[in-house]
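Asker: Let me give you the structure first, and then I'll get to my questions.
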Amino acid sequence: MLTLFEKGGPIMWPLLAVSVLTLGVVLERVIFMVRESRRRDAAALERLFALAERGELDAAAAAGAGSRDYVVRTLSYGLSQRHRSFSNALVAAAGRELKRYSQGAAVLDTAITLSPLLGLLGTVTGMIRSFGLLGGAELDAPAVITGGIAEALIATAFGLGIAIVALIPFNFLNARIEEARHEIEDASNRLELLLVQPEKYHV
């Protein structure tokens with residue numbers, strides 16, 4: 001591996017930086033997803049719905065205020081701000097929670113786009129080096145010329161490899177973001193249906 005890295009040329013260093021950054025983001029996101037999954041609290045969510053259904057909106061807001069479940073926190077914030085704008089409060093709280101989920105997505109997206117471009121740059125520099133030697137005194141040394149071609153191919157392969165590996169967690173992260181969005185929307189719609197009942201209008 002070290003031999004390949006050295007033969008890949010100077011463009012391998014930015015590729016290495018991108019790969020390390022990508023790996024760090026992936027590990028952080030995996031830990032985040034596992035932690036958030038363990039913090040889900042179906043009982044607290046149902047308790048909030050039960051209180052809201054009975055019209056005890058203040059109690060429902062207070063019950064979910066300290067929850068570690070992001071859906072419960074979102075609904076609790078919306079209930080606490082219902083005197084101003086319940087819908088807007090839900091949207092604002094959902095945006096904050098989804099922003100936490102989307103952290104790192106931009107880095108992975110950039111890595112997927114940048115890595116092949118860096119590999120292509122390695123291809124160009126390697127080919128320039130190879131063809132630059134064609135008219136020189138070193139023409140009788142084929143290994144020198146093919147070394148530049150090898151540099152081009154190695155850099156391209158590493159760039160594509162980083163992009164391919166980063167694409168899998170990137171798609172997984174996007175899928176989890178969409179899942180979190182749907183969970184918040186479903187819970188919000190259910191809560192709004194409880195609140196629009198005429199007998200629940202008192203606060």
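Letters for chains follow the order of the structure tokens (A, B, ...), residue numbers begin at 1 for each chain, and ligand numbers begin at 1 in the order shown.
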With a distance cut-off of 6 Å and only C-alpha atoms, select the neighbouring residues of range 58-71 of chain A, excluding the residue or stretch itself and same-chain residues fewer than 3 positions from it, and output the selection as a list of chain:residue names.
Answerer: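 Close residues of range 58-71 of chain A: A:Arg39, A:Arg40, A:Asp41, A:Leu48, A:Leu51, A:Ala52, A:Thr74, A:Ser76, A:Leu79, A:Ser80, A:Ile184.
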Asker: Can you tell me which residues surround Met12 in chain A at a distance of at most 10 Å, considering only C-alpha atoms, apart from same-chain residues fewer than 2 positions away, and format the answer as a list in words?
Answerer: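 Those residues are Leu4, Phe5, Glu6, Lys7, Gly8, Gly9, Pro10, Pro14, Leu15, Leu16, Ala17, Val18, Leu118, Gly119, Gly122, Glu151, Ile154, Ala155, Thr156, Phe158 and Gly159 of chain A.
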Asker: May I ask which of the residues A:Ile11, A:Ala50, A:Leu23, A:Ala152 is the closest one to Ala166 in chain A, counting only C-alpha atoms?
Answerer: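 The answer is A:Leu23, which sits nearest to Ala166 in chain A.
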Asker: Name all residues at most 9 Å from Ala42 in chain A (count only C-alpha atoms; drop same-chain ones fewer than 4 positions away) and give them as a PyMOL selection string.
Answerer: chain A and resi 46-47+69+72
Asker: Next, the residues of the selection above should be written as a short mmCIF file (atom, residue, chain, number, x, y, z; two decimals), in the first residue's frame with C-alpha atoms.
Answerer:
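Result file again06.cif:
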```
data_model
loop_
_atom_site.label_atom_id
_atom_site.label_comp_id
_atom_site.auth_asym_id
_atom_site.auth_seq_id
_atom_site.Cartn_x
_atom_site.Cartn_y
_atom_site.Cartn_z
CA GLU A 46 -47.88 8.02 23.51
CA ARG A 47 -48.09 9.73 26.89
CA ASP A 69 -36.49 11.53 21.79
CA VAL A 72 -41.17 14.13 21.45
#
```
Asker: Between A:Leu75, A:Ile162, A:Ala92, A:Val34, which residue has the minimum interatomic distance to Val20 in chain A, considering only C-alpha atoms?
Answerer: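 Among the listed residues, the smallest separation from Val20 in chain A belongs to A:Ile162.
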Asker: Nearest residue to Val91 in chain A out of A:Asp109, A:Glu56, A:Glu185, A:Glu178, using only C-alpha atoms?
Answerer: A:Glu185
Asker: For the atom pair CA of Ser85 in chain A and CA of Asp186 in chain A, what is the interatomic distance in Å to one decimal place?
Answerer: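 Separation between CA of Ser85 in chain A and CA of Asp186 in chain A: 18.8 Å.
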